[in-house]
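K.L.:
First the structure, which I've put down as structure tokens, then a few questions once you've had a look.
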Amino acid sequence: MTEELPKRLPPAAETIKFILIRSGNQCAFTGCMRSIFNDANQLIGECCHIESALPGGQRFNADQTNEQRRSADNLMFMCHDHHVETDDVMKFPMQVLKKIKYDHEARFNELPITIQPNYVSDVLALFSEIGQDLKNTLELTNQVKSDTEKILSHLTKREAPVDDALLQFPIPINLNFVGRNAELTQFKTALINHNTLSVCGLSGIGKTSFLAEVLKKREGCIWLDCANDDLTTVLVYLADSVQQQFGDKTINQILKSSTPFQATMQAVAQCINLHGAVIVLDNVNDRLEAFVPLITVFNRHFKMAKIILTLNSRLDMAILANNCHQQILSGLNERESLHLLNIDQMLEGQPEVVKAIIDCTQGHPYIIKLISVLCRDTDVHLLFTELKDLPGEEVNDYVKKKIVDGLSDEQQELLFQLAILDIPVRLTGVSYLTSKIGLKVFYSLLDKYLITAKKGPEYLYFVHDLVKNYIKNTPEDFNHKFVIQGVDYLASLAIKSPSESIQLINFCIKLNLLEKAREEARILLSTMLANGYFQLALDVAAQLEEDPKTNDWDYIYYVQGRVFRFIGDHEKALIKYNKGINLAKGEFRDIIEFEIASTLTNYSKEGGGKSMIDAATLIYQRLIASKNQTLSIQSQISLGTIRAENQEYEAAIDLLLPTLKIAEALENPQNTIPAALQIIGNCYSKMEKYDDAIIYYKDALLHYGQLTLTFGMNIFDGLYYNYQNLAWTYSKAKYYSLAAETFELAAELAESHSFLQKQEQSLFDQGYNLLVDRQFESALTILLSHYDLIVKNNLMSEIDMKLTHGALVMALWYGGKPTGAIEVMGLLIQECNEEGFAPKIMIMEEKDLRPEVNIMEFFQQNVYFLILGNNKTFKDLQVLIEDVIIRMPHLATSLNTFRPLRSPE
């Protein structure tokens, strides 16, 4: 092999003149009489390389120099048809073509031929054009790389920003935590030995503050308040918290996928386990049943991570695979209660009163705190007199009523407002709510323990549950004004958390502000779909469907249909769409109808039948006349797609080219243009017009790049498959190196957004094309990386391991790892035998290899040719096989099935 880098050089003018004279102006193919230049002196033939000028071409000879490749000895003239026919290197190896050339030239060796002035220049111009095409292709590929970097950057920027203030992971602040030393020691020990723990006790007994004390110095904690949110919402907070704390987007991507629920939970558990995080589900209480699926999966799969719950009652151990430590909290003892009461030193010197108060509260820490507040402004003996005769269950309500009734009007108003909001409020929100009364009122409620704080990137404040539940029992008309104020506050927020948006919708429904509620729901659900929170969108839409005030909103059925279509449940999607279309009017009806057609199209591909395609076609044809221009264009593109899938490629192109012009004229063409460009590229690729296909794929990529900042993840599939289609077009055009580079880009795109199956596929395709291009060491590196990805993520049951093992056999063998190749070959034979057929594996000595055998062309047909090079024989192979069998005896049967393959004498 020469050290010179292969380069396509045009032949010298004298060389062209020489072989033209020898050609007799006829195609060199035996028996062909077609001219090279016609009677009008126009070039209609082609000057062909016998051994290709560049790697990947027919009969490329690595030992030739660039000068030898452009020499007269390596060139011949043929007509176009025979140039194409002789690309079959099995039928026309180098020796056969050289004989054809020499036999033909011998016929015209003595015959004169007139060389017109334009003959040589026209041939050179053709070579120049070919060289420019190749240069353009390389430039396109380099531009693809550059655009990919921009697109990945845009997609990263486009992802919904994680608003620190909206996350619910901060550990609550403990102001004046006292006592419980024995329980703290016991729980900290249990935290070492268990992956699942719970803290149980009455509401207000101090479960949250106890746990906050345990974890206050521990890193990697994610605190999720489950009091008001369902499982899906909590999972969204969990995903964002993991992304923020650990820089890991995996859970976000899992939630955006169509993975079944149980597999989703397992994948979430594996991700958290890698970080050794402590997940706290606070205030689960009466919502336990909703969280059982998450708890049971975490309990089963956590090794390094922990899950801790706070509950009002004990956890049923029967639901768990692994043991759970349950910490039961009761009231504080006398010494601890005394310490808590003495915080404000109001009861010094009155031990008998203190003891009596502790007894009637049964050591309940929160009630004791409230009593300590009352003691600031109330005669202690009078308070004791009123408390001592009350039954135990009435003491709590008495204390809460006493302290709430003692508030000023401004304090009561703010407390009731925060309680009715029923969600954590940021300090900016507190400022909004106290704009007329001042922050001093808010801080006075904090001082009275009526408001609790969590400290994270920003403080979050909420009313203590015991007080909140007491306030909620006030008359409805009293609460009404606070709901109105809540709407004003929530509507003022520029960025809302899911909880804030959902509460705003609920308040609007409660006040019969249905148009406002409808618009807020549309914004929330659209945002959820755009950011990939499909399950959360499905849950919110389903809840709105159950409400008689909102079950006539067309958009909620559209959202449910979109989610069901995304996860592949076409029947449910059609049910929801049909409900929505019965309610929809105008252009939105057209949008739902388009979704129905898309669902029918996808359903037909999964066995739904031709009738579904026919129904979809009728819908698309009708929607071409829609007033919504974007929808009209999308319908034409969908019709073009159907024609392309029916192999009506030219008809599809004829439909889509005018559609492109219309789309380009629109002010906001959305993602219709790259979709159309990609389909046209697919058609040209199927028609084997690869250069045209590459141009359209490239153009689609440029448009996707412009749309990433606007549409984010909504264009991911189109973008990914554009890379895939471009790469396979390179491969079919035998630009295997370019194909491998493009598959690498597709793999990087999939990896950057945690789409594991797409990453796996692109990685294999990259290695496969490197192998066909005979870049064996690079192919081996990629294919081993691909194999590691499969094993690490338990994908072996989801892919065709025979293809994987077959490619690895070739890469290992020709990459200088024959022992590894034999081992993997044994696995390949086993797999094939289990499926009832024998693999096509051929091993022969190098001396028996015929020149016309191209091992990579056989490999592309799943035939594995292993050549014993370096003077190795079958005896050496047998030694190699025996060594493998000694170490891996289970492969003995598979590896003892070979017979020497020799060329006939």
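Residue numbering restarts at 1 for every chain of the structure tokens, chains are lettered A, B, ... in their displayed order, and ligands are numbered from 1 as they appear.
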Can you pull out every residue within 8 Å of A:Ile367, counting only C-alpha atoms, but drop anything in the same chain fewer than 3 positions away, and send it as a count of residues only?
P.N.:
7
K.L.:
Skip stretch 95-102 of chain A itself and residues of its chain fewer than 3 positions away, then list as a ChimeraX atom specification all residues within 8 Å of it, counting only C-alpha atoms.
P.N.:
/A:28-30,50,76,92,105-106
K.L.:
Name the closest residue to A:Tyr864 among the candidates A:Val772, A:Ile653, A:Ile799, A:Ala663; distances are taken between atoms, counting only C-alpha atoms.
P.N.:
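Under the stated criterion, the closest residue is A:Val772.
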K.L.:
So that I can see what lies close to stretch 228-232 of chain A, please list as an MDAnalysis selection string the residues with an atom at most 9 Å from it, counting only C-alpha atoms and leaving out residues fewer than 4 positions away in the same chain.
P.N.:
chainID A and resid 236:237 283 287 290:291 294 422:423 499 535:536 539
K.L.:
For the residues in the current selection, export all heavy atoms as a short mmCIF file (atom, residue, chain, number, x, y, z; two decimals), in the first residue's frame.
P.N.:
data_model
loop_
_atom_site.label_atom_id
_atom_site.label_comp_id
_atom_site.auth_asym_id
_atom_site.auth_seq_id
_atom_site.Cartn_x
_atom_site.Cartn_y
_atom_site.Cartn_z
N VAL A 236 -42.37 14.79 37.26
CA VAL A 236 -41.82 15.93 36.51
C VAL A 236 -40.87 16.73 37.39
O VAL A 236 -39.77 17.10 36.98
CB VAL A 236 -42.96 16.82 35.97
CG1 VAL A 236 -42.40 18.12 35.39
CG2 VAL A 236 -43.75 16.08 34.90
N TYR A 237 -41.30 17.00 38.63
CA TYR A 237 -40.41 17.71 39.57
C TYR A 237 -39.15 16.90 39.83
O TYR A 237 -38.04 17.45 39.91
CB TYR A 237 -41.14 17.98 40.88
CG TYR A 237 -42.15 19.09 40.83
CD1 TYR A 237 -43.45 18.90 41.27
CD2 TYR A 237 -41.80 20.35 40.34
CE1 TYR A 237 -44.38 19.93 41.22
CE2 TYR A 237 -42.71 21.37 40.28
CZ TYR A 237 -44.01 21.16 40.72
OH TYR A 237 -44.91 22.18 40.68
N ASN A 283 -45.37 14.19 53.01
CA ASN A 283 -46.82 14.38 53.04
C ASN A 283 -47.56 13.46 52.07
O ASN A 283 -48.50 13.88 51.39
CB ASN A 283 -47.19 15.84 52.71
CG ASN A 283 -46.76 16.80 53.80
OD1 ASN A 283 -46.98 16.54 54.98
ND2 ASN A 283 -46.09 17.87 53.42
N ARG A 287 -52.66 10.03 50.07
CA ARG A 287 -52.39 9.84 48.64
C ARG A 287 -51.48 8.63 48.40
O ARG A 287 -50.95 8.45 47.30
CB ARG A 287 -51.73 11.10 48.07
CG ARG A 287 -52.53 12.37 48.29
CD ARG A 287 -51.75 13.60 47.89
NE ARG A 287 -51.65 13.71 46.44
CZ ARG A 287 -52.56 14.26 45.66
NH1 ARG A 287 -53.66 14.76 46.19
NH2 ARG A 287 -52.39 14.33 44.36
N ALA A 290 -51.80 6.27 45.28
CA ALA A 290 -51.33 6.79 43.99
C ALA A 290 -49.83 6.63 43.81
O ALA A 290 -49.33 6.51 42.69
CB ALA A 290 -51.71 8.27 43.86
N PHE A 291 -49.10 6.61 44.95
CA PHE A 291 -47.63 6.56 44.88
C PHE A 291 -47.06 5.15 45.05
O PHE A 291 -45.85 4.96 44.94
CB PHE A 291 -47.02 7.49 45.93
CG PHE A 291 -47.16 8.94 45.58
CD1 PHE A 291 -48.27 9.67 45.99
CD2 PHE A 291 -46.22 9.58 44.80
CE1 PHE A 291 -48.42 11.00 45.65
CE2 PHE A 291 -46.34 10.91 44.46
CZ PHE A 291 -47.45 11.62 44.88
N LEU A 294 -44.61 3.78 42.31
CA LEU A 294 -43.26 4.35 42.38
C LEU A 294 -42.49 3.78 43.57
O LEU A 294 -41.32 3.39 43.44
CB LEU A 294 -43.36 5.87 42.51
CG LEU A 294 -42.04 6.64 42.55
CD1 LEU A 294 -41.35 6.59 41.19
CD2 LEU A 294 -42.27 8.09 42.97
N ASP A 422 -52.96 27.10 48.56
CA ASP A 422 -52.70 25.66 48.72
C ASP A 422 -51.49 25.17 47.92
O ASP A 422 -51.40 23.99 47.59
CB ASP A 422 -53.94 24.86 48.31
CG ASP A 422 -54.02 23.53 49.04
OD1 ASP A 422 -53.34 23.39 50.08
OD2 ASP A 422 -54.74 22.63 48.58
N ILE A 423 -50.58 26.07 47.59
CA ILE A 423 -49.33 25.70 46.91
C ILE A 423 -48.21 26.55 47.49
O ILE A 423 -48.46 27.64 48.00
CB ILE A 423 -49.40 25.92 45.38
CG1 ILE A 423 -49.88 27.35 45.06
CG2 ILE A 423 -50.28 24.90 44.70
CD1 ILE A 423 -49.89 27.69 43.60
N SER A 499 -47.91 23.06 39.08
CA SER A 499 -48.85 23.20 40.19
C SER A 499 -49.54 24.55 40.16
O SER A 499 -50.76 24.65 40.41
CB SER A 499 -48.13 23.02 41.52
OG SER A 499 -47.59 21.73 41.64
N GLN A 535 -47.31 12.25 29.71
CA GLN A 535 -48.17 11.63 30.71
C GLN A 535 -48.85 12.69 31.58
O GLN A 535 -50.02 12.57 31.93
CB GLN A 535 -47.35 10.66 31.58
CG GLN A 535 -48.20 9.83 32.54
CD GLN A 535 -49.22 8.97 31.83
OE1 GLN A 535 -48.91 8.28 30.87
NE2 GLN A 535 -50.46 9.01 32.28
N LEU A 536 -48.12 13.72 31.92
CA LEU A 536 -48.69 14.80 32.73
C LEU A 536 -49.80 15.50 31.95
O LEU A 536 -50.87 15.81 32.50
CB LEU A 536 -47.61 15.79 33.14
CG LEU A 536 -48.03 16.95 34.06
CD1 LEU A 536 -48.70 16.41 35.32
CD2 LEU A 536 -46.83 17.80 34.44
N ASP A 539 -52.85 13.30 32.00
CA ASP A 539 -53.54 13.32 33.30
C ASP A 539 -54.37 14.59 33.47
O ASP A 539 -55.52 14.54 33.91
CB ASP A 539 -52.53 13.20 34.44
CG ASP A 539 -51.90 11.82 34.52
OD1 ASP A 539 -52.40 10.91 33.84
OD2 ASP A 539 -50.91 11.66 35.26
#
K.L.:
Find the spatial neighbours of A:Lys549, counting only C-alpha atoms, within a cut-off of 10 Å - ignore same-chain residues fewer than 5 positions away - and output them as a PyMOL selection string.
P.N.:
chain A and resi 509-510+512+514+544
K.L.:
Do a neighbour search on A:Ala747 at 10 Å with only C-alpha atoms, toss out local chain neighbours closer than 4 positions, and write the hits as a VMD selection string.
P.N.:
chain A and resid 720 723 to 724 741 to 743 751 to 752 755 to 766
K.L.:
Looking only at alpha helix (DSSP H) from DSSP on the backbone, list the matching residues of stretch 607-785 of chain A as a ChimeraX atom specification.
P.N.:
/A:610-623,629-645,649-665,672-686,690-711,716-732,736-752,756-772,776-785
K.L.:
Which polymer residues have any atom within 6 Å of an atom of A:Ile308, counting only C-alpha atoms, with same-chain residues fewer than 4 positions away left out, as an NGL selection string?
P.N.:
:A and (196-198 or 280)
K.L.:
Would you work out the distance separating atom CA of A:Thr296 from atom CA of A:Leu320, expressed in Å to one decimal?
P.N.:
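Rounded to one decimal, the two atoms are 5.7 Å apart.
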K.L.:
Using only C-alpha atoms, which residues sit within 6 Å of stretch 65-72 of chain A once same-chain residues fewer than 2 positions away are excluded, as a ChimeraX atom specification?
P.N.:
/A:11,15,53,74-75
K.L.:
Atom CA of A:Asp63 and atom CA of A:Lys872, how far apart in Å?
P.N.:
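Taking atom CA of A:Lys872 and atom CA of A:Asp63, their separation equals 22.6 Å.
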K.L.:
Record the distance separating atom CA of A:Val214 and atom CA of A:Pro172, expressed in Å with one decimal.
P.N.:
11.4 Å
K.L.:
Stretch 452-599 of chain A: which residues are strand (DSSP E) by DSSP, as a PDB file with C-alpha atoms, in the first residue's frame?
P.N.:
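Output contents, as saved in states38.pdb:
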ATOM      1  CA  THR A 452     -43.421  27.243  57.183  1.00  0.00           C
ATOM      2  CA  ALA A 453     -40.421  27.893  54.936  1.00  0.00           C
ATOM      3  CA  LYS A 454     -38.317  25.720  52.653  1.00  0.00           C
ATOM      4  CA  LEU A 460     -40.737  28.773  49.377  1.00  0.00           C
ATOM      5  CA  TYR A 461     -43.484  29.470  51.925  1.00  0.00           C
ATOM      6  CA  PHE A 462     -46.692  27.649  52.781  1.00  0.00           C
ATOM      7  CA  VAL A 463     -49.235  27.501  55.593  1.00  0.00           C
TER       8      VAL A 463
END
